[in-house]
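**Student:** This is structure11.cif, which holds mmCIF, C-alpha atoms:
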data_my_file
#
loop_
_atom_site.group_PDB
_atom_site.id
_atom_site.type_symbol
_atom_site.label_atom_id
_atom_site.label_comp_id
_atom_site.auth_asym_id
_atom_site.auth_seq_id
_atom_site.Cartn_x
_atom_site.Cartn_y
_atom_site.Cartn_z
ATOM 1 C CA MET K 1 5.012 -17.759 -9.577
ATOM 2 C CA GLU K 2 1.891 -16.247 -8.034
ATOM 3 C CA ASN K 3 -0.343 -17.066 -5.092
ATOM 4 C CA GLU K 4 -3.276 -15.365 -3.417
ATOM 5 C CA GLN K 5 -4.351 -15.329 0.204
ATOM 6 C CA SER K 6 -7.335 -13.762 1.975
ATOM 7 C CA PHE K 7 -6.952 -11.429 4.944
ATOM 8 C CA SER K 8 -9.067 -8.776 6.638
ATOM 9 C CA ASP K 9 -8.595 -5.100 7.398
ATOM 10 C CA ILE K 10 -8.832 -3.456 10.808
ATOM 11 C CA CYS K 11 -12.614 -3.024 10.353
ATOM 12 C CA GLY K 12 -13.212 -6.653 9.378
ATOM 13 C CA GLY K 13 -13.494 -6.082 5.628
ATOM 14 C CA ARG K 14 -12.096 -8.631 3.217
ATOM 15 C CA LEU K 15 -8.689 -8.091 1.598
ATOM 16 C CA ALA K 16 -6.904 -10.186 -1.026
ATOM 17 C CA LEU K 17 -3.096 -10.367 -0.994
ATOM 18 C CA GLN K 18 -1.463 -11.483 -4.229
ATOM 19 C CA ARG K 19 2.232 -12.334 -4.140
ATOM 20 C CA ARG K 20 4.190 -12.496 -7.383
ATOM 21 C CA TYR K 21 7.696 -13.973 -7.334
ATOM 22 C CA TYR K 22 9.599 -12.765 -10.378
ATOM 23 C CA SER K 23 13.033 -13.819 -9.091
ATOM 24 C CA PRO K 24 14.777 -14.378 -5.731
ATOM 25 C CA SER K 25 15.568 -10.654 -5.688
ATOM 26 C CA CYS K 26 12.265 -9.260 -6.993
ATOM 27 C CA ARG K 27 8.808 -9.676 -5.475
ATOM 28 C CA GLU K 28 5.514 -7.852 -5.775
ATOM 29 C CA PHE K 29 2.683 -7.651 -3.241
ATOM 30 C CA CYS K 30 -0.776 -6.537 -4.410
ATOM 31 C CA LEU K 31 -3.351 -5.835 -1.717
ATOM 32 C CA SER K 32 -6.868 -5.504 -3.152
ATOM 33 C CA SER K 33 -9.774 -3.902 -1.288
ATOM 34 C CA PRO K 34 -13.464 -4.569 -1.968
ATOM 35 C CA ARG K 35 -14.827 -2.521 -4.828
ATOM 36 C CA LEU K 36 -17.517 0.104 -4.356
ATOM 37 C CA SER K 37 -20.791 -1.706 -3.711
ATOM 38 C CA LEU K 38 -23.905 -0.772 -5.626
ATOM 39 C CA ARG K 39 -25.975 -0.959 -2.429
ATOM 40 C CA SER K 40 -23.987 1.693 -0.576
ATOM 41 C CA LEU K 41 -23.932 3.912 -3.660
ATOM 42 C CA THR K 42 -27.713 3.610 -3.994
ATOM 43 C CA VAL K 43 -28.294 4.403 -0.307
ATOM 44 C CA VAL K 44 -26.157 7.552 -0.391
ATOM 45 C CA THR K 45 -27.653 8.801 -3.657
ATOM 46 C CA SER K 46 -31.217 8.152 -2.501
ATOM 47 C CA THR K 47 -30.621 9.915 0.818
ATOM 48 C CA VAL K 48 -29.250 13.046 -0.864
ATOM 49 C CA TRP K 49 -32.005 13.186 -3.450
ATOM 50 C CA LEU K 50 -34.787 12.592 -0.895
ATOM 51 C CA ALA K 51 -33.396 15.393 1.283
ATOM 52 C CA ALA K 52 -33.290 17.659 -1.784
ATOM 53 C CA TYR K 53 -36.867 16.747 -2.663
ATOM 54 C CA GLY K 54 -37.927 17.576 0.900
ATOM 55 C CA LEU K 55 -36.333 21.005 0.586
ATOM 56 C CA PHE K 56 -38.004 21.445 -2.797
ATOM 57 C CA THR K 57 -41.460 20.799 -1.345
ATOM 58 C CA VAL K 58 -40.796 23.383 1.371
ATOM 59 C CA CYS K 59 -39.306 26.213 -0.683
ATOM 60 C CA GLU K 60 -40.696 25.189 -4.128
ATOM 61 C CA ASN K 61 -37.453 26.053 -5.882
ATOM 62 C CA SER K 62 -36.283 23.765 -8.709
ATOM 63 C CA VAL K 63 -32.709 24.959 -8.241
ATOM 64 C CA VAL K 64 -32.510 22.752 -5.140
ATOM 65 C CA LEU K 65 -33.142 19.575 -7.154
ATOM 66 C CA SER K 66 -30.677 20.580 -9.872
ATOM 67 C CA ALA K 67 -28.006 21.383 -7.289
ATOM 68 C CA ALA K 68 -28.558 18.038 -5.512
ATOM 69 C CA ILE K 69 -28.079 16.085 -8.748
ATOM 70 C CA PHE K 70 -25.006 18.115 -9.695
ATOM 71 C CA ILE K 71 -23.403 17.788 -6.237
ATOM 72 C CA THR K 72 -24.091 14.030 -6.108
ATOM 73 C CA LEU K 73 -22.496 13.367 -9.492
ATOM 74 C CA LEU K 74 -19.532 15.642 -8.774
ATOM 75 C CA GLY K 75 -19.009 14.092 -5.349
ATOM 76 C CA LEU K 76 -19.106 10.561 -6.780
ATOM 77 C CA LEU K 77 -16.543 11.400 -9.456
ATOM 78 C CA GLY K 78 -14.282 13.033 -6.876
ATOM 79 C CA TYR K 79 -14.591 10.042 -4.547
ATOM 80 C CA LEU K 80 -13.693 7.544 -7.292
ATOM 81 C CA HIS K 81 -10.786 9.632 -8.582
ATOM 82 C CA PHE K 82 -9.185 10.886 -5.355
ATOM 83 C CA VAL K 83 -10.348 8.711 -2.428
ATOM 84 C CA LYS K 84 -11.406 5.145 -3.322
ATOM 85 C CA ILE K 85 -8.320 2.967 -3.794
ATOM 86 C CA ASP K 86 -8.992 -0.518 -5.165
ATOM 87 C CA GLN K 87 -5.450 -1.872 -5.058
ATOM 88 C CA GLU K 88 -2.124 -1.047 -3.423
ATOM 89 C CA THR K 89 1.052 -2.586 -4.812
ATOM 90 C CA LEU K 90 4.470 -2.923 -3.202
ATOM 91 C CA LEU K 91 7.262 -3.926 -5.604
ATOM 92 C CA ILE K 92 10.635 -4.753 -4.024
ATOM 93 C CA ILE K 93 13.737 -5.027 -6.191
ATOM 94 C CA ASP K 94 16.929 -6.051 -4.437
ATOM 95 C CA SER K 95 19.675 -3.376 -4.447
ATOM 96 C CA LEU K 96 17.537 -1.071 -6.637
ATOM 97 C CA GLY K 97 14.581 0.173 -4.640
ATOM 98 C CA ILE K 98 10.955 -0.121 -3.627
ATOM 99 C CA GLN K 99 8.016 1.063 -5.700
ATOM 100 C CA MET K 100 4.597 1.718 -4.159
ATOM 101 C CA THR K 101 1.584 2.103 -6.454
ATOM 102 C CA SER K 102 -1.990 3.016 -5.558
ATOM 103 C CA SER K 103 -4.690 2.218 -8.131
ATOM 104 C CA TYR K 104 -7.853 4.297 -7.735
ATOM 105 C CA ALA K 105 -11.358 3.182 -8.685
ATOM 106 C CA SER K 106 -11.402 5.642 -11.601
ATOM 107 C CA GLY K 107 -8.299 4.052 -13.125
ATOM 108 C CA LYS K 108 -5.842 6.686 -11.942
ATOM 109 C CA GLU K 109 -2.547 5.434 -10.509
ATOM 110 C CA SER K 110 -0.179 7.101 -8.077
ATOM 111 C CA THR K 111 3.387 5.764 -7.904
ATOM 112 C CA THR K 112 6.218 6.430 -5.460
ATOM 113 C CA PHE K 113 9.736 5.032 -5.915
ATOM 114 C CA ILE K 114 12.378 5.051 -3.200
ATOM 115 C CA GLU K 115 15.971 4.094 -3.896
ATOM 116 C CA MET K 116 17.610 1.471 -1.738
ATOM 117 C CA ASP K 117 20.625 3.649 -0.947
ATOM 118 C CA LYS K 118 18.512 5.961 1.223
ATOM 119 C CA LYS K 119 18.083 5.396 4.939
ATOM 120 C CA VAL K 120 14.392 4.734 4.977
ATOM 121 C CA ILE K 121 12.146 2.717 7.259
ATOM 122 C CA TYR K 122 9.130 1.231 5.511
ATOM 123 C CA TYR K 123 6.651 1.212 8.340
ATOM 124 C CA LEU K 124 4.587 -1.954 8.688
ATOM 125 C CA CYS K 125 3.201 -1.339 12.185
ATOM 126 C CA ILE K 126 5.343 -4.234 13.453
ATOM 127 C CA LEU K 127 7.351 -3.856 16.647
ATOM 128 C CA LEU K 128 11.015 -4.222 15.841
ATOM 129 C CA LYS K 129 13.155 -6.771 17.581
ATOM 130 C CA ASP K 130 16.218 -4.798 16.549
ATOM 131 C CA PRO K 131 16.253 -1.294 18.063
ATOM 132 C CA VAL K 132 16.633 1.630 15.691
ATOM 133 C CA GLU K 133 18.444 4.782 16.704
ATOM 134 C CA PRO K 134 16.533 7.993 15.876
ATOM 135 C CA HIS K 135 19.571 9.529 14.139
ATOM 136 C CA GLU K 136 19.636 6.577 11.690
ATOM 137 C CA ILE K 137 16.165 7.416 10.368
ATOM 138 C CA SER K 138 15.790 9.997 7.628
ATOM 139 C CA GLN K 139 12.247 9.177 6.548
ATOM 140 C CA VAL K 140 9.281 7.004 7.498
ATOM 141 C CA VAL K 141 7.136 5.732 4.612
ATOM 142 C CA PRO K 142 3.790 4.139 5.553
ATOM 143 C CA VAL K 143 2.615 1.332 3.262
ATOM 144 C CA PHE K 144 -0.928 0.061 2.600
ATOM 145 C CA GLN K 145 -2.401 3.261 4.070
ATOM 146 C CA SER K 146 -5.774 2.810 2.393
ATOM 147 C CA ALA K 147 -6.301 -0.934 2.913
ATOM 148 C CA LYS K 148 -5.199 -0.886 6.589
ATOM 149 C CA PRO K 149 -4.579 -4.652 6.851
ATOM 150 C CA ARG K 150 -4.346 -6.526 10.137
ATOM 151 C CA LEU K 151 -1.090 -7.667 11.672
ATOM 152 C CA ASP K 152 -1.175 -11.192 10.184
ATOM 153 C CA CYS K 153 -1.133 -9.767 6.644
ATOM 154 C CA LEU K 154 1.687 -7.361 7.473
ATOM 155 C CA ILE K 155 3.748 -10.187 8.960
ATOM 156 C CA GLU K 156 3.469 -12.157 5.692
ATOM 157 C CA VAL K 157 4.773 -9.163 3.739
ATOM 158 C CA TYR K 158 7.483 -8.542 6.336
ATOM 159 C CA ARG K 159 8.802 -12.112 6.144
ATOM 160 C CA SER K 160 8.994 -12.044 2.369
ATOM 161 C CA CYS K 161 10.864 -8.755 2.468
ATOM 162 C CA GLN K 162 13.358 -10.181 4.937
ATOM 163 C CA GLU K 163 13.966 -13.121 2.578
ATOM 164 C CA ILE K 164 14.930 -10.662 -0.158
ATOM 165 C CA LEU K 165 17.311 -8.876 2.207
ATOM 166 C CA ALA K 166 18.826 -12.210 3.236
ATOM 167 C CA HIS K 167 19.368 -13.018 -0.451
ATOM 168 C CA GLN K 168 21.020 -9.616 -0.866
ATOM 169 C CA LYS K 169 23.489 -10.290 1.960
ATOM 170 C CA ALA K 170 24.224 -13.917 1.016
ATOM 171 C CA PRO K 171 26.889 -13.252 -1.687
ATOM 172 C CA SER K 172 28.898 -11.083 0.686
ATOM 173 C CA THR K 173 29.559 -14.055 2.993
ATOM 174 C CA SER K 174 31.731 -15.958 0.512
ATOM 175 C CA PRO K 175 35.481 -15.088 0.241
ATOM 176 C CA GLN K 176 35.226 -14.450 -3.522
ATOM 177 C CA ALA K 177 32.452 -11.939 -2.990
ATOM 178 C CA HIS K 178 34.645 -9.955 -0.608
ATOM 179 C CA GLN K 179 37.347 -9.743 -3.286
ATOM 180 C CA LYS K 180 35.159 -9.004 -6.288
ATOM 181 C CA ALA K 181 32.500 -6.729 -4.828
ATOM 182 C CA PRO K 182 32.380 -4.360 -1.866
ATOM 183 C CA SER K 183 30.220 -5.364 1.053
ATOM 184 C CA THR K 184 26.784 -3.877 1.464
ATOM 185 C CA SER K 185 26.929 -0.420 2.942
ATOM 186 C CA PRO K 186 25.105 0.357 6.207
ATOM 187 C CA SER K 187 22.725 2.661 4.382
ATOM 188 C CA ILE K 188 21.532 -0.162 2.103
ATOM 189 C CA GLN K 189 21.064 -2.500 5.032
ATOM 190 C CA LYS K 190 18.769 0.042 6.664
ATOM 191 C CA ALA K 191 16.597 0.417 3.560
ATOM 192 C CA SER K 192 14.520 -2.659 4.326
ATOM 193 C CA ILE K 193 10.838 -2.874 5.069
ATOM 194 C CA VAL K 194 11.813 -2.403 8.663
ATOM 195 C CA SER K 195 15.164 -0.960 9.553
ATOM 196 C CA ARG K 196 17.934 -3.293 10.567
ATOM 197 C CA GLY K 197 20.427 -2.280 13.224
ATOM 198 C CA LYS K 198 24.132 -2.248 12.552
#
Could you quickly redo this structure as structure tokens?
**Tutor:**
Amino acid sequence: MENEQSFSDICGGRLALQRRYYSPSCREFCLSSPRLSLRSLTVVTSTVWLAAYGLFTVCENSVVLSAAIFITLLGLLGYLHFVKIDQETLLIIDSLGIQMTSSYASGKESTTFIEMDKKVIYYLCILLKDPVEPHEISQVVPVFQSAKPRLDCLIEVYRSCQEILAHQKAPSTSPQAHQKAPSTSPSIQKASIVSRGK
């Protein structure tokens, strides 16, 4: 099952949040940012080339124009390959881990996987109702760093993540589950999107 909802980032730009429900214990959140607009690309390129042409008329050196073209093309390729992120994905798999993927405009992807058995807080910029002791935290992993969504979008992701954690803890409440499988360890309980207290 899949649905899509529109949100905005902290600067007012449009974001699209796609939620894919593969199973009760596996969900994926894809946050898409606006693609590079042709207008902004044209403005930047024209500004650089006009400045280079102005320098050329002053010093009458053709190397200035060649360098401006070379720097513009190289800068654009670097921006698309290392800076401009079109989509950020957060895949949560119950009792296995969380995978974060950043898809760049050039097609390059950067993936980070964190196992559930590590004491990690996945920071969503949401104030916790449950206090977290500093000694319980081994790592803080920011999510959606490029998109920078507003609080309403983060709350939607947070609620879905808590539903997965609730599904994870549900089998341990029955008597048969206590006999057949050990209860969830404290370290796994803390490996949620936001840390849970003991």
**Student:** Evaluating the PyMOL selection byres ((chain K and resi 2) around 9) on the displayed file yields which residues, as an NGL selection string?
**Tutor:** :K and (1 or 3-4 or 18-22)
**Student:** Go through stretch 5-98 of chain K and flag each residue having an atom no more than 10 Å from stretch 139-161 of chain K; for those, report the closest pair of atoms plus their distance in Å to one decimal, using all atoms listed in the file, ordered by chain and rising number, as JSON lines.
**Tutor:**
{"residue": "K:Gln5", "atom": "CA", "partner": "K:Cys153", "partner_atom": "CA", "distance": 9.1}
{"residue": "K:Ser6", "atom": "CA", "partner": "K:Cys153", "partner_atom": "CA", "distance": 8.7}
{"residue": "K:Phe7", "atom": "CA", "partner": "K:Cys153", "partner_atom": "CA", "distance": 6.3}
{"residue": "K:Ser8", "atom": "CA", "partner": "K:Pro149", "partner_atom": "CA", "distance": 6.1}
{"residue": "K:Asp9", "atom": "CA", "partner": "K:Pro149", "partner_atom": "CA", "distance": 4.1}
{"residue": "K:Ile10", "atom": "CA", "partner": "K:Arg150", "partner_atom": "CA", "distance": 5.5}
{"residue": "K:Cys11", "atom": "CA", "partner": "K:Lys148", "partner_atom": "CA", "distance": 8.6}
{"residue": "K:Gly12", "atom": "CA", "partner": "K:Arg150", "partner_atom": "CA", "distance": 8.9}
{"residue": "K:Gly13", "atom": "CA", "partner": "K:Pro149", "partner_atom": "CA", "distance": 9.1}
{"residue": "K:Arg14", "atom": "CA", "partner": "K:Pro149", "partner_atom": "CA", "distance": 9.2}
{"residue": "K:Leu15", "atom": "CA", "partner": "K:Pro149", "partner_atom": "CA", "distance": 7.5}
{"residue": "K:Ala16", "atom": "CA", "partner": "K:Cys153", "partner_atom": "CA", "distance": 9.6}
{"residue": "K:Leu17", "atom": "CA", "partner": "K:Cys153", "partner_atom": "CA", "distance": 7.9}
{"residue": "K:Arg19", "atom": "CA", "partner": "K:Val157", "partner_atom": "CA", "distance": 8.9}
{"residue": "K:Tyr21", "atom": "CA", "partner": "K:Ser160", "partner_atom": "CA", "distance": 10.0}
{"residue": "K:Ser25", "atom": "CA", "partner": "K:Cys161", "partner_atom": "CA", "distance": 9.6}
{"residue": "K:Cys26", "atom": "CA", "partner": "K:Cys161", "partner_atom": "CA", "distance": 9.6}
{"residue": "K:Arg27", "atom": "CA", "partner": "K:Ser160", "partner_atom": "CA", "distance": 8.2}
{"residue": "K:Glu28", "atom": "CA", "partner": "K:Val157", "partner_atom": "CA", "distance": 9.6}
{"residue": "K:Phe29", "atom": "CA", "partner": "K:Val157", "partner_atom": "CA", "distance": 7.4}
{"residue": "K:Cys30", "atom": "CA", "partner": "K:Phe144", "partner_atom": "CA", "distance": 9.6}
{"residue": "K:Leu31", "atom": "CA", "partner": "K:Ala147", "partner_atom": "CA", "distance": 7.4}
{"residue": "K:Ser32", "atom": "CA", "partner": "K:Ala147", "partner_atom": "CA", "distance": 7.6}
{"residue": "K:Ser33", "atom": "CA", "partner": "K:Ala147", "partner_atom": "CA", "distance": 6.2}
{"residue": "K:Pro34", "atom": "CA", "partner": "K:Ala147", "partner_atom": "CA", "distance": 9.4}
{"residue": "K:Val83", "atom": "CA", "partner": "K:Ser146", "partner_atom": "CA", "distance": 8.9}
{"residue": "K:Lys84", "atom": "CA", "partner": "K:Ser146", "partner_atom": "CA", "distance": 8.4}
{"residue": "K:Ile85", "atom": "CA", "partner": "K:Ser146", "partner_atom": "CA", "distance": 6.7}
{"residue": "K:Asp86", "atom": "CA", "partner": "K:Ala147", "partner_atom": "CA", "distance": 8.5}
{"residue": "K:Gln87", "atom": "CA", "partner": "K:Ala147", "partner_atom": "CA", "distance": 8.1}
{"residue": "K:Glu88", "atom": "CA", "partner": "K:Phe144", "partner_atom": "CA", "distance": 6.2}
{"residue": "K:Thr89", "atom": "CA", "partner": "K:Phe144", "partner_atom": "CA", "distance": 8.1}
{"residue": "K:Leu90", "atom": "CA", "partner": "K:Val143", "partner_atom": "CA", "distance": 8.0}
{"residue": "K:Ile92", "atom": "CA", "partner": "K:Cys161", "partner_atom": "CA", "distance": 7.6}
{"residue": "K:Ile93", "atom": "CA", "partner": "K:Cys161", "partner_atom": "CA", "distance": 9.9}
{"residue": "K:Asp94", "atom": "CA", "partner": "K:Cys161", "partner_atom": "CA", "distance": 9.6}
**Student:** Just to confirm, what's the straight-line distance from atom CA of K:Leu36 to atom CA of K:Leu91 in Å (one decimal)?
**Tutor:**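 Atom CA of K:Leu36 sits 25.1 Å away from atom CA of K:Leu91.
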**Student:** Can you tell me how far atom CA of K:Val48 sits from atom CA of K:Ser66, in Å to one decimal?
**Tutor:**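 Distance reported for this atom pair: 11.8 Å.
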**Student:** Work out where the centre of an axis-aligned box around every listed atom of stretch 55-69 of chain K lies and how long its edges are once 8 Å is added on each side; give both in Å to one decimal as JSON.
**Tutor:**
{"center_x": -34.7, "center_y": 21.1, "center_z": -4.3, "size_x": 29.5, "size_y": 26.1, "size_z": 27.2}
**Student:** Can you measure atom CA of K:Ser102 to atom CA of K:Arg35 for me? One decimal in Å is fine.
**Tutor:** 14.0 Å
**Student:** Give me the result of the PyMOL selection byres ((chain K and resi 111) around 7) on this file, residue by residue, as a VMD selection string.
**Tutor:** chain K and resid 99 to 102 109 to 110 112 to 113
**Student:** Choose the residue, out of K:Cys59, K:Val44, K:Ile164, K:Ile69, that has the smallest atom-to-atom separation from K:Ser95; count only C-alpha atoms.
**Tutor:**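 Result for the nearest residue to K:Ser95: K:Ile164.
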**Student:** Point out the residue among K:Ser106, K:Gln162, K:Thr72, K:Thr57 with the least atom-to-atom distance to K:Thr42, counting only C-alpha atoms.
**Tutor:**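 Smallest distance to K:Thr42 is found for K:Thr72.
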